[in-house]
Each structure stands twice: as structure tokens, then as C-alpha cells.
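Coordinates as given in upload_22.pdb (PDB, C-alpha atoms, pLDDT in the B column):
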```pdb
ATOM      1  CA  GLU A   1       0.000   0.000   0.000  1.00 62.00           C
ATOM      2  CA  GLY A   2       2.876   2.407   0.780  1.00 60.00           C
ATOM      3  CA  GLU A   3       4.353   1.696  -2.664  1.00 64.00           C
ATOM      4  CA  ARG A   4       1.040   2.511  -4.387  1.00 65.00           C
ATOM      5  CA  GLU A   5       0.762   5.775  -2.427  1.00 63.00           C
ATOM      6  CA  ARG A   6       4.322   6.727  -3.403  1.00 60.00           C
ATOM      7  CA  GLU A   7       3.496   5.995  -7.081  1.00 64.00           C
ATOM      8  CA  ASN A   8       0.394   8.213  -6.841  1.00 61.00           C
ATOM      9  CA  VAL A   9       2.420  11.062  -5.341  1.00 55.00           C
ATOM     10  CA  GLU A  10       5.094  10.692  -8.031  1.00 62.00           C
ATOM     11  CA  GLY A  11       2.408  10.609 -10.741  1.00 60.00           C
ATOM     12  CA  GLU A  12       0.818  13.775  -9.377  1.00 60.00           C
ATOM     13  CA  ARG A  13       4.232  15.439  -9.256  1.00 56.00           C
ATOM     14  CA  GLU A  14       4.927  14.476 -12.891  1.00 60.00           C
ATOM     15  CA  ASN A  15       1.519  15.815 -13.950  1.00 57.00           C
ATOM     16  CA  ALA A  16       2.179  19.103 -12.131  1.00 50.00           C
ATOM     17  CA  GLU A  17       5.634  19.381 -13.714  1.00 55.00           C
ATOM     18  CA  GLY A  18       4.166  18.711 -17.163  1.00 54.00           C
ATOM     19  CA  GLU A  19       1.526  21.383 -16.610  1.00 53.00           C
ATOM     20  CA  ARG A  20       4.192  23.870 -15.472  1.00 48.00           C
ATOM     21  CA  GLU A  21       6.254  23.080 -18.576  1.00 53.00           C
ATOM     22  CA  ARG A  22       3.219  23.722 -20.812  1.00 51.00           C
ATOM     23  CA  GLU A  23       2.485  26.992 -18.999  1.00 47.00           C
ATOM     24  CA  THR A  24       6.139  28.003 -19.306  1.00 47.00           C
ATOM     25  CA  ALA A  25       6.107  27.190 -23.024  1.00 51.00           C
ATOM     26  CA  GLU A  26       2.934  29.258 -23.468  1.00 49.00           C
ATOM     27  CA  GLY A  27       4.503  32.101 -21.480  1.00 48.00           C
ATOM     28  CA  ASP A  28       7.675  31.849 -23.563  1.00 51.00           C
ATOM     29  CA  GLU A  29       5.571  32.096 -26.746  1.00 55.00           C
ATOM     30  CA  ARG A  30       3.836  35.222 -25.417  1.00 50.00           C
ATOM     31  CA  LEU A  31       7.246  36.658 -24.532  1.00 52.00           C
ATOM     32  CA  ARG A  32       8.527  35.979 -28.026  1.00 55.00           C
ATOM     33  CA  ASP A  33       5.382  37.628 -29.415  1.00 60.00           C
ATOM     34  CA  THR A  34       5.953  40.753 -27.314  1.00 58.00           C
ATOM     35  CA  GLU A  35       9.610  40.857 -28.344  1.00 68.00           C
ATOM     36  CA  ARG A  36       8.491  41.080 -31.985  1.00 80.00           C
ATOM     37  CA  PHE A  37       6.279  44.104 -31.290  1.00 84.00           C
ATOM     38  CA  LYS A  38       8.077  47.396 -30.921  1.00 87.00           C
ATOM     39  CA  PHE A  39       6.858  50.963 -30.566  1.00 88.00           C
ATOM     40  CA  SER A  40       7.924  53.429 -33.202  1.00 91.00           C
ATOM     41  CA  PRO A  41      10.644  55.769 -31.890  1.00 90.00           C
ATOM     42  CA  GLU A  42       8.582  58.891 -32.563  1.00 93.00           C
ATOM     43  CA  PRO A  43       6.831  60.736 -31.187  1.00 96.00           C
ATOM     44  CA  SER A  44       8.695  60.641 -27.883  1.00 95.00           C
ATOM     45  CA  LEU A  45       6.988  61.279 -24.557  1.00 96.00           C
ATOM     46  CA  GLU A  46       8.472  64.774 -24.690  1.00 97.00           C
ATOM     47  CA  ASP A  47       6.948  65.270 -28.156  1.00 96.00           C
ATOM     48  CA  ILE A  48       3.562  64.152 -26.807  1.00 97.00           C
ATOM     49  CA  ARG A  49       3.922  66.479 -23.803  1.00 97.00           C
ATOM     50  CA  ARG A  50       4.782  69.419 -26.048  1.00 97.00           C
ATOM     51  CA  LEU A  51       2.018  68.707 -28.601  1.00 97.00           C
ATOM     52  CA  HIS A  52      -0.602  68.413 -25.884  1.00 97.00           C
ATOM     53  CA  ALA A  53       0.667  71.575 -24.150  1.00 97.00           C
ATOM     54  CA  GLU A  54       0.278  73.457 -27.447  1.00 98.00           C
ATOM     55  CA  PHE A  55      -3.209  71.976 -27.917  1.00 97.00           C
ATOM     56  CA  THR A  56      -4.142  73.006 -24.367  1.00 97.00           C
ATOM     57  CA  ASP A  57      -2.666  76.509 -24.635  1.00 97.00           C
ATOM     58  CA  GLU A  58      -4.454  77.215 -27.936  1.00 98.00           C
ATOM     59  CA  ARG A  59      -7.754  76.485 -26.171  1.00 97.00           C
ATOM     60  CA  GLU A  60      -6.781  78.262 -22.935  1.00 96.00           C
ATOM     61  CA  TRP A  61      -7.428  75.099 -20.925  1.00 96.00           C
ATOM     62  CA  ARG A  62      -4.268  75.097 -18.812  1.00 94.00           C
ATOM     63  CA  ARG A  63      -6.129  76.646 -15.873  1.00 94.00           C
ATOM     64  CA  PHE A  64      -8.204  73.447 -15.685  1.00 95.00           C
ATOM     65  CA  HIS A  65      -5.130  71.214 -15.551  1.00 96.00           C
ATOM     66  CA  GLN A  66      -4.569  70.678 -11.861  1.00 97.00           C
ATOM     67  CA  PRO A  67      -3.163  67.317 -10.675  1.00 98.00           C
ATOM     68  CA  ARG A  68      -6.445  66.144  -9.147  1.00 98.00           C
ATOM     69  CA  SER A  69      -8.470  67.007 -12.263  1.00 98.00           C
ATOM     70  CA  LEU A  70      -5.935  65.349 -14.545  1.00 98.00           C
ATOM     71  CA  LEU A  71      -5.875  62.217 -12.386  1.00 98.00           C
ATOM     72  CA  LEU A  72      -9.670  61.955 -12.438  1.00 98.00           C
ATOM     73  CA  ALA A  73      -9.674  62.457 -16.214  1.00 98.00           C
ATOM     74  CA  LEU A  74      -7.027  59.719 -16.513  1.00 98.00           C
ATOM     75  CA  VAL A  75      -9.148  57.344 -14.429  1.00 98.00           C
ATOM     76  CA  GLY A  76     -12.143  58.146 -16.641  1.00 98.00           C
ATOM     77  CA  GLU A  77     -10.153  57.269 -19.754  1.00 98.00           C
ATOM     78  CA  VAL A  78      -8.989  54.000 -18.171  1.00 98.00           C
ATOM     79  CA  GLY A  79     -12.670  53.262 -17.550  1.00 98.00           C
ATOM     80  CA  GLU A  80     -13.464  53.899 -21.224  1.00 98.00           C
ATOM     81  CA  LEU A  81     -10.624  51.564 -22.208  1.00 97.00           C
ATOM     82  CA  SER A  82     -11.860  48.881 -19.824  1.00 96.00           C
ATOM     83  CA  GLU A  83     -15.334  49.037 -21.389  1.00 97.00           C
ATOM     84  CA  LEU A  84     -13.822  47.815 -24.658  1.00 96.00           C
ATOM     85  CA  PHE A  85     -12.578  44.667 -22.888  1.00 93.00           C
ATOM     86  CA  GLN A  86     -15.610  44.152 -20.662  1.00 93.00           C
ATOM     87  CA  TRP A  87     -17.469  40.894 -21.300  1.00 90.00           C
ATOM     88  CA  ARG A  88     -14.755  39.540 -23.601  1.00 89.00           C
ATOM     89  CA  ASP A  89     -13.314  36.342 -22.216  1.00 88.00           C
ATOM     90  CA  GLY A  90      -9.860  35.120 -23.131  1.00 86.00           C
ATOM     91  CA  VAL A  91      -8.494  38.179 -24.931  1.00 88.00           C
ATOM     92  CA  SER A  92      -5.067  37.209 -26.266  1.00 90.00           C
ATOM     93  CA  ALA A  93      -2.043  39.318 -27.142  1.00 89.00           C
ATOM     94  CA  GLY A  94      -2.456  41.017 -30.493  1.00 89.00           C
ATOM     95  CA  LEU A  95      -6.272  41.059 -30.100  1.00 92.00           C
ATOM     96  CA  PRO A  96      -6.980  38.251 -32.572  1.00 86.00           C
ATOM     97  CA  GLY A  97     -10.586  38.236 -33.751  1.00 90.00           C
ATOM     98  CA  TRP A  98     -11.088  41.939 -33.091  1.00 92.00           C
ATOM     99  CA  THR A  99     -12.270  44.071 -36.005  1.00 93.00           C
ATOM    100  CA  GLU A 100     -10.115  46.883 -37.312  1.00 95.00           C
ATOM    101  CA  ARG A 101     -12.584  49.403 -35.863  1.00 97.00           C
ATOM    102  CA  GLU A 102     -12.395  47.708 -32.436  1.00 96.00           C
ATOM    103  CA  ARG A 103      -8.595  47.810 -32.570  1.00 95.00           C
ATOM    104  CA  GLU A 104      -8.721  51.501 -33.552  1.00 96.00           C
ATOM    105  CA  ALA A 105     -10.990  52.186 -30.571  1.00 97.00           C
ATOM    106  CA  VAL A 106      -8.456  50.498 -28.266  1.00 97.00           C
ATOM    107  CA  GLY A 107      -5.709  52.652 -29.793  1.00 97.00           C
ATOM    108  CA  GLU A 108      -7.752  55.818 -29.283  1.00 98.00           C
ATOM    109  CA  GLU A 109      -8.487  55.034 -25.641  1.00 98.00           C
ATOM    110  CA  LEU A 110      -4.891  53.995 -24.942  1.00 98.00           C
ATOM    111  CA  SER A 111      -3.824  57.301 -26.500  1.00 98.00           C
ATOM    112  CA  ASP A 112      -6.172  59.231 -24.222  1.00 98.00           C
ATOM    113  CA  VAL A 113      -4.731  57.369 -21.217  1.00 98.00           C
ATOM    114  CA  LEU A 114      -1.166  58.097 -22.346  1.00 98.00           C
ATOM    115  CA  ILE A 115      -1.864  61.778 -23.028  1.00 98.00           C
ATOM    116  CA  TYR A 116      -3.436  62.285 -19.604  1.00 98.00           C
ATOM    117  CA  LEU A 117      -0.628  60.337 -17.919  1.00 98.00           C
ATOM    118  CA  VAL A 118       2.035  62.461 -19.639  1.00 98.00           C
ATOM    119  CA  THR A 119       0.112  65.656 -18.855  1.00 98.00           C
ATOM    120  CA  LEU A 120      -0.286  64.658 -15.196  1.00 98.00           C
ATOM    121  CA  ALA A 121       3.426  63.855 -14.944  1.00 98.00           C
ATOM    122  CA  SER A 122       4.262  67.222 -16.506  1.00 97.00           C
ATOM    123  CA  CYS A 123       1.898  69.062 -14.156  1.00 97.00           C
ATOM    124  CA  CYS A 124       3.568  67.326 -11.190  1.00 98.00           C
ATOM    125  CA  HIS A 125       7.050  68.014 -12.648  1.00 98.00           C
ATOM    126  CA  ILE A 126       7.837  64.289 -12.821  1.00 98.00           C
ATOM    127  CA  ASP A 127      10.233  63.266 -15.605  1.00 97.00           C
ATOM    128  CA  LEU A 128       8.246  60.186 -16.588  1.00 96.00           C
ATOM    129  CA  PRO A 129      10.915  58.333 -18.618  1.00 96.00           C
ATOM    130  CA  GLN A 130      13.444  58.788 -15.796  1.00 97.00           C
ATOM    131  CA  ALA A 131      10.890  57.806 -13.147  1.00 97.00           C
ATOM    132  CA  ALA A 132       9.961  54.682 -15.144  1.00 97.00           C
ATOM    133  CA  ALA A 133      13.620  53.685 -15.507  1.00 96.00           C
ATOM    134  CA  ARG A 134      14.169  54.122 -11.756  1.00 97.00           C
ATOM    135  CA  LYS A 135      11.024  52.114 -10.999  1.00 97.00           C
ATOM    136  CA  MET A 136      12.178  49.255 -13.249  1.00 95.00           C
ATOM    137  CA  ALA A 137      15.470  49.152 -11.322  1.00 96.00           C
ATOM    138  CA  ILE A 138      13.512  49.011  -8.046  1.00 95.00           C
ATOM    139  CA  ASN A 139      11.303  46.217  -9.421  1.00 92.00           C
ATOM    140  CA  CYS A 140      14.395  44.225 -10.402  1.00 92.00           C
ATOM    141  CA  GLN A 141      15.469  44.365  -6.751  1.00 90.00           C
ATOM    142  CA  LYS A 142      12.004  43.503  -5.410  1.00 89.00           C
ATOM    143  CA  TYR A 143      11.487  40.624  -7.827  1.00 88.00           C
ATOM    144  CA  PRO A 144      14.812  38.830  -8.391  1.00 88.00           C
ATOM    145  CA  VAL A 145      14.564  36.424 -11.317  1.00 88.00           C
ATOM    146  CA  GLN A 146      15.518  33.373  -9.272  1.00 86.00           C
ATOM    147  CA  SER A 147      12.665  33.839  -6.781  1.00 84.00           C
ATOM    148  CA  ALA A 148      10.000  35.524  -8.921  1.00 82.00           C
ATOM    149  CA  ARG A 149      10.091  33.552 -12.195  1.00 84.00           C
ATOM    150  CA  GLY A 150       6.675  32.097 -12.979  1.00 84.00           C
ATOM    151  CA  SER A 151       5.017  33.467  -9.828  1.00 82.00           C
ATOM    152  CA  ALA A 152       2.332  36.131  -9.533  1.00 81.00           C
ATOM    153  CA  ARG A 153       2.966  36.573  -5.798  1.00 79.00           C
ATOM    154  CA  LYS A 154       3.653  40.066  -4.540  1.00 77.00           C
ATOM    155  CA  TYR A 155       7.188  40.655  -3.250  1.00 71.00           C
ATOM    156  CA  THR A 156       5.846  41.332   0.257  1.00 71.00           C
ATOM    157  CA  ALA A 157       4.413  37.806   0.427  1.00 66.00           C
ATOM    158  CA  PRO A 158       7.096  35.476  -0.973  1.00 54.00           C
ATOM    159  CA  ASN A 159       6.090  32.523   1.219  1.00 59.00           C
ATOM    160  CA  SER A 160       2.329  32.972   1.070  1.00 54.00           C
ATOM    161  CA  PRO A 161       0.183  30.258  -0.481  1.00 53.00           C
ATOM    162  CA  PRO A 162      -0.380  30.612  -4.237  1.00 54.00           C
ATOM    163  CA  THR A 163      -3.298  32.756  -5.332  1.00 52.00           C
ATOM    164  CA  PRO A 164      -5.891  31.393  -7.773  1.00 52.00           C
ATOM    165  CA  THR A 165      -4.192  33.359 -10.568  1.00 56.00           C
ATOM    166  CA  ASP A 166      -0.708  32.245  -9.518  1.00 48.00           C
ATOM    167  CA  PRO A 167       0.561  29.683 -12.052  1.00 48.00           C
ATOM    168  CA  THR A 168       2.708  27.870  -9.455  1.00 42.00           C
TER     169      THR A 168
END
```

Produce C-alpha cells that represent the structure in this file.
Amino acid sequence: EGERERENVEGERENAEGERERETAEGDERLRDTERFKFSPEPSLEDIRRLHAEFTDEREWRRFHQPRSLLLALVGEVGELSELFQWRDGVSAGLPGWTEREREAVGEELSDVLIYLVTLASCCHIDLPQAAARKMAINCQKYPVQSARGSARKYTAPNSPPTPTDPT
């Protein structure tokens, strides 16, 4: 009986390892897909900041651009973006099966989010590219590859039980 139990445990372990390998392969494929996609180099965030500042100044809207108002506008645009994804199960990278008009709508809403984010950063005098680079360095320290690979756990809970969305 002990032998049969050991075989069951080993079989379960092999099944779990096989599932992890499949998930890793799927994740690797998504990674390769994202490596193929690149943003165009222009316009830069500074170009976007300048263009939107000109747009705002021409309309004399700068007086309305306080951090709180910009943040609330940004949240509103994120809400509009989320509506495009609401009720769509299993949306994959690249948005396969979406019409060209649906993809354009996503691009428009992402643009609104980006413009408000850049404008908010400018209003707060935050150099967004520099802040993002610093934050990536911090994240590399918080989530070392050897302990974070394949896990969705937050860095503050490295030994907590896996969450339902955690692939491990």
C-alpha cells in the first residue's frame, strides 16, 4: 500500500511538472510575441507632452489642468478603455478576432490614457521616462529572477500560499 501511495504522489508530481512546462512554453511564446512588437521611436513622450501643451494653450485650458483634475480624467479614460474589454473572455495578445474598428478604438483610448498620464506627470514636474527607468530598477530588486520567475505573488508575500491566478 505504501508503494502505491508513493506511485500516486510521483504521478501527481509528474503531472504538475508537465503542466508547469506547458504553462512556461505558453509564457515563452507570449514573450517571443511581445519581443516582436516594438513601438515606433517617434513621437517621444516629450513630443507628446509638447504637442498636448500646445493643444491646451491654444484652447486656454491650462487653468483646468490641476493634478487632481488630470488624475480623475485619466481614471475616466482607463474606464473607457476597460469598457472595450468588458465581457470579452480570453483576450489574447495582439487582439486576434477583433475588427479593425475595435482595434482603432483600443488605440484611441490607450492614447487618451497616455496623453493624460504624460500631462499629469508634466503638471507634477515628474520626468516620466526617468521615473519609469528608476522604478524598473527598483522592481528588479524587489522581484529577483531566481525567486519571482513564474510566480504572480507580490514581493511582500514570498512565502504565502499561491493565489488562484498564480501559475505555481

Legend entry - Contact residues around Ser69 of chain A with only C-alpha atoms at 12 Å, ignoring same-chain residues under 5 positions, as number ranges by chain: A: 61-64, 74-76, 116-117, 119-120, 123

Inset, instruction - Can you work out the spacing between atom CA of Leu72 of chain A and atom CA of Val113 of chain A in Å, to one decimal? - result: 11.1 Å

Inset, instruction - Rank nothing, just name the residue among A:Arg36, A:Lys154, A:Arg50, A:Arg134 nearest to Ala93 of chain A, using only C-alpha atoms. - result: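 Looking at the shortest contact to Ala93 of chain A, the residue is A:Arg36.
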
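Shortest separation to Asp112 of chain A among A:Arg59, A:Ser40, A:Gln146, A:Gly79 occurs at residue A:Gly79, atoms counted being only C-alpha atoms.
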
Legend entry - atom CA of Gln86 of chain A to atom CA of Lys38 of chain A, straight-line distance in Å: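 Calculated distance between atom CA of Lys38 of chain A and atom CA of Gln86 of chain A is 26.0 Å.
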
Legend entry - Ground truth for the PyMOL selection byres ((chain A and resi 109) around 12), written as a ChimeraX atom specification: /A:74-85,102-108,110-116

Inset, instruction - Using only C-alpha atoms, find all polymer residues with an atom at most 10 Å away from the point (2.9, 64.9, -25.6); report them as a PyMOL selection string. - result: chain A and resi 43-55+114-119+122
